[in-house]
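Participant: The structure is given below, and queries will be raised subsequently.
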Amino acid sequence: MDSNISQKVNLPNSIVLTRRGQKHKDAQDSGNVTFEEALSVVNEMVFAKTGKHLNKPEIDVMRGAWHDKDYGEIASDSIYKLNYLQRVVGARLWDTLSDVLGNGERVTKKRLRECLEQVVQEHYLQYVANSINKGQIKGRNLPDFSSFYGRTKELASLKEIVFKQRCVLLLGVAGIGKSTLAAKLLAEFSLESEPQFDCLIWKSVSHAPLFQDFVLDLLEILQPSKLSDSDLPKYTQAMITMLIKQLQSRRCLLVLDEYDSLFKAIGLEQRLEYSLFFRRFIEELDQGCLLLTSRFLTGDIENMLITEKPIDCLKLEGLDTDAAINFLNTQGLHDKEKISDLVETYRANPGEMKAVINRINHFFGGDSETFFEHKTTLISSRFEAMLNEMFGQLLSDLQRQILIYLAERIALTSQSVQFTQLLSDPKFKNNVSGSTLEVIRALEQLESMSLIESNKNADTKAITFTLQPVIKKYITTDPLGLVHVADTSTLKFAS
Ligand SMILES: Nc1ncnc2c1ncn2[C@@H]1O[C@H](COP(=O)(O)OP(=O)(O)OP(=O)(O)O)[C@@H](O)[C@H]1O
Ligand SMILES: [Mg+2]
């Protein structure tokens, strides 16, 4: 597989989350359980049994045990003395935990992590459901993340930056897991023993609501008293002021899912109203964060990224290899070669891999052997819809021509294409309009949308570009005729 998948996109303030090198050992967390999740579940169980929550020294000992530290190390990370932690707190804690979690077995410092992970696997979802019901997470229709793999590094990065920034854009192609990750993030925050946000809101804008309905909806969530249309000020600025006032009084993490829909379905006036709200949120609030999920970088956010605003962009890539293997195992695939084939072809995109497995189940009776005998690159309807939209509405002529050129070259040579070759090949030059600068800019934008992948040769430093198989297939088959449209360009290629 091309190592270009881990390239950083050329966006200001951007962080790229890749599926390479993700297994970071320090991990708070093994598998999918973080210490904070485990703690919040166990804390509630201890409370249910003893009527008391775990206290600070007990939590310090548990955190240390989770990270396999000895009492000396635990004491040096804590304000409490070694003797007290080991002889008083520890001894009592292992009795309590054995009583609450042990199922007849002793919970020791060595076994703590294993016991907690097991308990959390069993109880986590129930606690998340409770936190949604208890109103810790406000909003409707959170995506299902009951079967969630990997993303340890991404969650850790997100937790850090949503706390630092006023706005974070979670960027990635269809099905890569943006909504699932954002929902999981809210769930983790909702389970924190010492909450960093006092208000967690999930709001999908996939239906591109009118701005005034959007404001009303948020005010209803933030204000307990019932509001009606007539309570809303008439003018956009005043509406926003009302909303900002509500948001100012708390530290709020507001997720707007499928933010890109706002840029497809609504008119310019509506779009400006939303942009104004984002700008004022970022500029006027000194706490809280707006987390937007989107398939592409929108103009308003791009403009703000260029300035020094507290805004960041995270590009999400496929699952890390271990997580992808676990994910496919649970979908019934166990053959190592077939797994690595799917991971490679679909770039560990969970939505795409799920769609392939569904088709194997539907058309091949779940028999992956037979599917691989008739092997083909499948495109899910979700991914195809995204590409239809991109080719139909979003991409410039130059970007389209670059993609066509790359697809044709790669189909011919099965090799990625050098940047200098792209610039000098008459087949490309004669077909496109735009200067070298424009070509560079177009390549940057295509990369930020994950439509192309780049790779830098370690020795020669030469940069090459390639396409993931699904995108190459879409371009070469051109299912709706949106790729090879008549070239309307008039400009000449200039160096
Ligand atoms: N970490 C994960 N572990 C297991 N399954 C996942 C994970 N992330 C996403 N999925 C699954 O992949 C599918 C796509 O995820 P999701 O809807 O979050 O993608 P998305 O990036 O929001 O896509 P879109 O751009 O279409 O909104 C879902 O079925 C989801 O359950
Ligand atoms: Mg989504």
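Convention: chains lettered A, B, ... in structure tokens order; per-chain residue numbering from 1; ligands numbered from 1 as shown.
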Enumerate residues in contact with ligand 2: an atom-to-atom distance of at most 8 Å, counting only C-alpha atoms and all ligand atoms. Format the result as a list of chain:residue names.

Facilitator: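 Those residues are A:Ala174, A:Gly175, A:Gly177, A:Lys178, A:Ser179, A:Thr180, A:Asp257, A:Glu258, A:Thr293, A:Ser294.
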
Participant: May I have the residues from that selection written out with N, CA and C atoms, as a JSON list (two decimals), in the first residue's frame?

Facilitator:
[["chain", "number", "residue", "atom", "x", "y", "z"],
["A", 174, "ALA", "N", -16.65, 9.91, 2.73],
["A", 174, "ALA", "CA", -17.87, 9.22, 3.16],
["A", 174, "ALA", "C", -17.51, 7.89, 3.81],
["A", 175, "GLY", "N", -18.14, 7.60, 4.94],
["A", 175, "GLY", "CA", -18.00, 6.29, 5.58],
["A", 175, "GLY", "C", -16.74, 6.10, 6.40],
["A", 177, "GLY", "N", -15.92, 7.39, 9.13],
["A", 177, "GLY", "CA", -16.21, 7.26, 10.57],
["A", 177, "GLY", "C", -16.24, 8.58, 11.33],
["A", 178, "LYS", "N", -16.50, 9.69, 10.65],
["A", 178, "LYS", "CA", -16.50, 11.00, 11.31],
["A", 178, "LYS", "C", -17.61, 11.08, 12.36],
["A", 179, "SER", "N", -18.83, 10.72, 11.95],
["A", 179, "SER", "CA", -19.97, 10.86, 12.88],
["A", 179, "SER", "C", -19.80, 9.90, 14.05],
["A", 180, "THR", "N", -19.36, 8.69, 13.75],
["A", 180, "THR", "CA", -19.20, 7.69, 14.81],
["A", 180, "THR", "C", -18.16, 8.17, 15.82],
["A", 257, "ASP", "N", -23.19, 17.72, 13.02],
["A", 257, "ASP", "CA", -22.83, 16.60, 12.15],
["A", 257, "ASP", "C", -23.31, 16.87, 10.72],
["A", 258, "GLU", "N", -22.51, 16.45, 9.77],
["A", 258, "GLU", "CA", -22.78, 16.63, 8.34],
["A", 258, "GLU", "C", -22.91, 18.11, 7.99],
["A", 293, "THR", "N", -18.46, 18.01, 11.54],
["A", 293, "THR", "CA", -18.01, 16.90, 10.69],
["A", 293, "THR", "C", -18.36, 17.24, 9.25],
["A", 294, "SER", "N", -17.41, 16.96, 8.36],
["A", 294, "SER", "CA", -17.64, 17.37, 6.97],
["A", 294, "SER", "C", -16.81, 16.51, 6.01]]

Participant: Would you kindly return, as a list of chain:residue names, each protein, DNA or RNA residue with an atom no farther than 10 Å from any atom of A:Ile463, considering only C-alpha atoms and excluding same-chain residues fewer than 3 positions away?

Facilitator: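 In the requested form, the answer reads A:Asn4, A:Ser416, A:Val417, A:Gln418, A:Phe419, A:Thr420, A:Ser454, A:Asn455, A:Lys456, A:Asn457, A:Ala458, A:Thr460.
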
Participant: Just write the chosen residues, C-alpha atoms, as a PDB file, in the first residue's frame.

Facilitator:
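Ended up saving to out-v8.pdb:
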ATOM      1  CA  ASN A   4       1.165   8.400   1.026  1.00  0.00           C
ATOM      2  CA  SER A 416       1.933   6.183  -8.993  1.00  0.00           C
ATOM      3  CA  VAL A 417       2.637   9.334 -11.003  1.00  0.00           C
ATOM      4  CA  GLN A 418       5.495  11.752 -10.359  1.00  0.00           C
ATOM      5  CA  PHE A 419       4.565  15.371  -9.948  1.00  0.00           C
ATOM      6  CA  THR A 420       7.131  16.490 -12.520  1.00  0.00           C
ATOM      7  CA  SER A 454       0.694  11.441  -2.200  1.00  0.00           C
ATOM      8  CA  ASN A 455       3.962   9.778  -1.369  1.00  0.00           C
ATOM      9  CA  LYS A 456       7.435  11.193  -1.006  1.00  0.00           C
ATOM     10  CA  ASN A 457      10.427   9.084  -1.985  1.00  0.00           C
ATOM     11  CA  ALA A 458      12.779   9.032   0.999  1.00  0.00           C
ATOM     12  CA  THR A 460      15.017  11.376  -4.138  1.00  0.00           C
TER      13      THR A 460
END

Participant: Using DSSP assignments from the backbone, pull out every residue in stretch 171-321 of chain A that falls under strand (DSSP E or B) and give it to me as a list in words.

Facilitator: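 Answer for stretch 171-321 of chain A, restricted to strand (DSSP E or B): Leu171, Cys199, Leu200, Ile201, Trp202, Lys203, Ser204, Cys252, Leu253, Leu254, Val255, Leu256, Asp257, Cys289, Leu290, Leu291, Leu292, Thr293, Ser294, Ile311, Asp312, Cys313, Leu314, Lys315 and Leu316 of chain A.
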
Participant: So that I have them on file, write out the residues from the current selection with N, CA and C atoms, as a short mmCIF file (atom, residue, chain, number, x, y, z; two decimals), in the first residue's frame.

Facilitator:
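Wrote it out as selection.cif, contents follow:
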data_model
loop_
_atom_site.label_atom_id
_atom_site.label_comp_id
_atom_site.auth_asym_id
_atom_site.auth_seq_id
_atom_site.Cartn_x
_atom_site.Cartn_y
_atom_site.Cartn_z
N LEU A 171 -12.63 16.21 9.22
CA LEU A 171 -12.76 16.10 7.77
C LEU A 171 -12.49 14.67 7.32
N CYS A 199 -21.73 21.01 29.06
CA CYS A 199 -22.87 20.85 28.17
C CYS A 199 -22.39 20.16 26.89
N LEU A 200 -22.99 19.03 26.57
CA LEU A 200 -22.60 18.27 25.38
C LEU A 200 -23.80 18.19 24.44
N ILE A 201 -23.65 18.71 23.25
CA ILE A 201 -24.82 18.74 22.34
C ILE A 201 -24.48 18.05 21.03
N TRP A 202 -25.40 17.21 20.60
CA TRP A 202 -25.29 16.55 19.30
C TRP A 202 -26.37 17.12 18.39
N LYS A 203 -25.97 17.66 17.26
CA LYS A 203 -26.99 18.19 16.35
C LYS A 203 -26.61 17.87 14.92
N SER A 204 -27.48 17.12 14.25
CA SER A 204 -27.22 16.82 12.84
C SER A 204 -27.83 17.94 12.00
N CYS A 252 -19.39 24.55 26.54
CA CYS A 252 -20.27 23.69 25.74
C CYS A 252 -19.50 23.07 24.57
N LEU A 253 -19.67 21.78 24.37
CA LEU A 253 -19.14 21.14 23.16
C LEU A 253 -20.32 20.86 22.25
N LEU A 254 -20.36 21.57 21.15
CA LEU A 254 -21.50 21.47 20.23
C LEU A 254 -21.05 20.77 18.95
N VAL A 255 -21.58 19.57 18.72
CA VAL A 255 -21.24 18.84 17.49
C VAL A 255 -22.29 19.15 16.43
N LEU A 256 -21.85 19.64 15.29
CA LEU A 256 -22.76 19.80 14.15
C LEU A 256 -22.36 18.76 13.11
N ASP A 257 -23.19 17.72 13.02
CA ASP A 257 -22.83 16.60 12.15
C ASP A 257 -23.31 16.87 10.72
N CYS A 289 -16.50 24.64 22.41
CA CYS A 289 -15.97 24.31 21.09
C CYS A 289 -17.10 23.82 20.17
N LEU A 290 -16.94 24.18 18.92
CA LEU A 290 -17.86 23.76 17.87
C LEU A 290 -17.14 22.66 17.09
N LEU A 291 -17.68 21.45 17.09
CA LEU A 291 -17.03 20.37 16.34
C LEU A 291 -17.88 20.06 15.11
N LEU A 292 -17.31 20.30 13.94
CA LEU A 292 -18.07 20.13 12.70
C LEU A 292 -17.56 18.88 11.98
N THR A 293 -18.46 18.01 11.54
CA THR A 293 -18.01 16.90 10.69
C THR A 293 -18.36 17.24 9.25
N SER A 294 -17.41 16.96 8.36
CA SER A 294 -17.64 17.37 6.97
C SER A 294 -16.81 16.51 6.01
N ILE A 311 -8.91 27.79 15.60
CA ILE A 311 -9.67 26.81 14.81
C ILE A 311 -8.68 25.79 14.25
N ASP A 312 -9.13 24.56 14.15
CA ASP A 312 -8.22 23.50 13.72
C ASP A 312 -8.97 22.54 12.80
N CYS A 313 -8.19 21.77 12.06
CA CYS A 313 -8.82 20.85 11.12
C CYS A 313 -8.16 19.48 11.26
N LEU A 314 -8.94 18.46 11.47
CA LEU A 314 -8.38 17.11 11.57
C LEU A 314 -8.91 16.26 10.44
N LYS A 315 -7.97 15.71 9.69
CA LYS A 315 -8.40 14.86 8.57
C LYS A 315 -8.35 13.41 9.03
N LEU A 316 -9.48 12.76 8.90
CA LEU A 316 -9.59 11.38 9.39
C LEU A 316 -9.31 10.41 8.25
#

Participant: Compare A:Ser380, A:Ser448, A:Thr464, A:Gln118 by their minimum atom-to-atom distance to ligand 1, counting only C-alpha atoms and all ligand atoms, and give me the closest one.

Facilitator: A:Ser380

Participant: Can you pull out the residues contacting A:Val343? Cut-off 9 Å, using only C-alpha atoms, and skip same-chain residues under 2 positions away; I want them as a PyMOL selection string.

Facilitator: chain A and resi 318-319+321+324-325+338-341+345-349+353

Participant: Given only C-alpha atoms and all ligand atoms as the basis, pick out the residue of A:Arg111, A:Arg382, A:Lys336, A:Lys164 nearest to ligand 1.

Facilitator: A:Arg382

Participant: Which one is closest to A:Glu36: A:Ser435, A:Asn361, A:Gln399, A:Ser190? Count only C-alpha atoms.

Facilitator: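 For A:Glu36, the nearest of the given residues is A:Ser190.
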
Participant: At a cut-off of 12 Å, using only C-alpha atoms, what residues contact stretch 391-396 of chain A? Leave out same-chain residues fewer than 3 positions from it and give the result as a PyMOL selection string.

Facilitator: chain A and resi 260+263-265+295-299+384-388+399-404+432-434+438-439+441-443+445-446+449+451+471+474-475+478-485+487-489

Participant: Could you save those same residues with C-alpha atoms as a PDB file, in the first residue's frame?

Facilitator:
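Once everything was written out, this is out_24.pdb:
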ATOM      1  CA  ASP A 260     -21.144  20.034   4.542  1.00  0.00           C
ATOM      2  CA  PHE A 263     -23.105  24.071   1.711  1.00  0.00           C
ATOM      3  CA  LYS A 264     -24.956  21.888  -0.724  1.00  0.00           C
ATOM      4  CA  ALA A 265     -28.597  22.474  -0.022  1.00  0.00           C
ATOM      5  CA  ARG A 295     -16.618  15.542   3.801  1.00  0.00           C
ATOM      6  CA  PHE A 296     -14.803  18.563   2.441  1.00  0.00           C
ATOM      7  CA  LEU A 297     -13.232  21.798   3.573  1.00  0.00           C
ATOM      8  CA  THR A 298     -15.747  24.583   3.104  1.00  0.00           C
ATOM      9  CA  GLY A 299     -14.731  28.050   1.992  1.00  0.00           C
ATOM     10  CA  GLU A 384     -20.654   6.864  -4.980  1.00  0.00           C
ATOM     11  CA  ALA A 385     -23.113   9.558  -3.890  1.00  0.00           C
ATOM     12  CA  MET A 386     -20.195  11.549  -2.495  1.00  0.00           C
ATOM     13  CA  LEU A 387     -18.234  11.205  -5.738  1.00  0.00           C
ATOM     14  CA  ASN A 388     -21.315  12.155  -7.782  1.00  0.00           C
ATOM     15  CA  GLN A 399      -9.140  19.166 -10.510  1.00  0.00           C
ATOM     16  CA  ARG A 400     -11.255  16.868 -12.688  1.00  0.00           C
ATOM     17  CA  GLN A 401      -8.575  16.774 -15.389  1.00  0.00           C
ATOM     18  CA  ILE A 402      -5.897  15.933 -12.836  1.00  0.00           C
ATOM     19  CA  LEU A 403      -7.987  13.026 -11.549  1.00  0.00           C
ATOM     20  CA  ILE A 404      -8.692  11.755 -15.059  1.00  0.00           C
ATOM     21  CA  VAL A 432      -5.797  21.472 -19.010  1.00  0.00           C
ATOM     22  CA  SER A 433      -6.003  25.105 -18.262  1.00  0.00           C
ATOM     23  CA  GLY A 434      -4.082  26.685 -15.417  1.00  0.00           C
ATOM     24  CA  GLU A 438      -2.977  26.491  -9.986  1.00  0.00           C
ATOM     25  CA  VAL A 439      -2.041  22.852 -10.514  1.00  0.00           C
ATOM     26  CA  ARG A 441      -3.299  24.411  -5.463  1.00  0.00           C
ATOM     27  CA  ALA A 442      -5.654  21.933  -7.141  1.00  0.00           C
ATOM     28  CA  LEU A 443      -3.498  19.009  -5.965  1.00  0.00           C
ATOM     29  CA  GLN A 445      -7.303  20.629  -2.458  1.00  0.00           C
ATOM     30  CA  LEU A 446      -7.732  17.141  -3.919  1.00  0.00           C
ATOM     31  CA  MET A 449     -10.575  15.892   0.209  1.00  0.00           C
ATOM     32  CA  LEU A 451      -9.404  12.153  -3.476  1.00  0.00           C
ATOM     33  CA  ILE A 471     -11.852   6.371  -6.830  1.00  0.00           C
ATOM     34  CA  TYR A 474     -15.329   5.515 -10.388  1.00  0.00           C
ATOM     35  CA  ILE A 475     -13.303   7.714 -12.722  1.00  0.00           C
ATOM     36  CA  ASP A 478     -17.831   7.175 -14.981  1.00  0.00           C
ATOM     37  CA  PRO A 479     -21.251   5.798 -13.977  1.00  0.00           C
ATOM     38  CA  LEU A 480     -23.239   9.034 -14.393  1.00  0.00           C
ATOM     39  CA  GLY A 481     -21.117  10.727 -17.025  1.00  0.00           C
ATOM     40  CA  LEU A 482     -20.050  13.373 -14.511  1.00  0.00           C
ATOM     41  CA  VAL A 483     -16.324  12.738 -14.936  1.00  0.00           C
ATOM     42  CA  HIS A 484     -15.727  13.080 -18.649  1.00  0.00           C
ATOM     43  CA  VAL A 485     -17.829  16.150 -19.312  1.00  0.00           C
ATOM     44  CA  ASP A 487     -13.933  20.563 -21.252  1.00  0.00           C
ATOM     45  CA  THR A 488     -15.073  24.136 -20.899  1.00  0.00           C
ATOM     46  CA  SER A 489     -11.674  25.595 -20.177  1.00  0.00           C
TER      47      SER A 489
END

Participant: Looking only at alpha helix (DSSP H) from DSSP on the backbone, list the matching residues of stretch 136-273 of chain A as a PyMOL selection string.

Facilitator: chain A and resi 152-164+178-190+211-222+236-248+261-265+268-273

Participant: I need the residue nearest A:Asp231 from this list: A:Thr477, A:Gln212, A:Gln270, A:Gln468. Use only C-alpha atoms for the distance.

Facilitator: A:Gln212

Participant: Between atom CA of A:Val89 and atom CA of A:Pro57, what distance in Å does the model show, to one decimal?

Facilitator: 6.8 Å

Participant: From the set A:Arg166, A:His207, A:Lys375, A:Lys184, which residue has the shortest atom-to-atom contact distance to ligand 1, counting only C-alpha atoms and all ligand atoms?

Facilitator: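 Among the listed residues, A:Lys184 lies closest to ligand 1.
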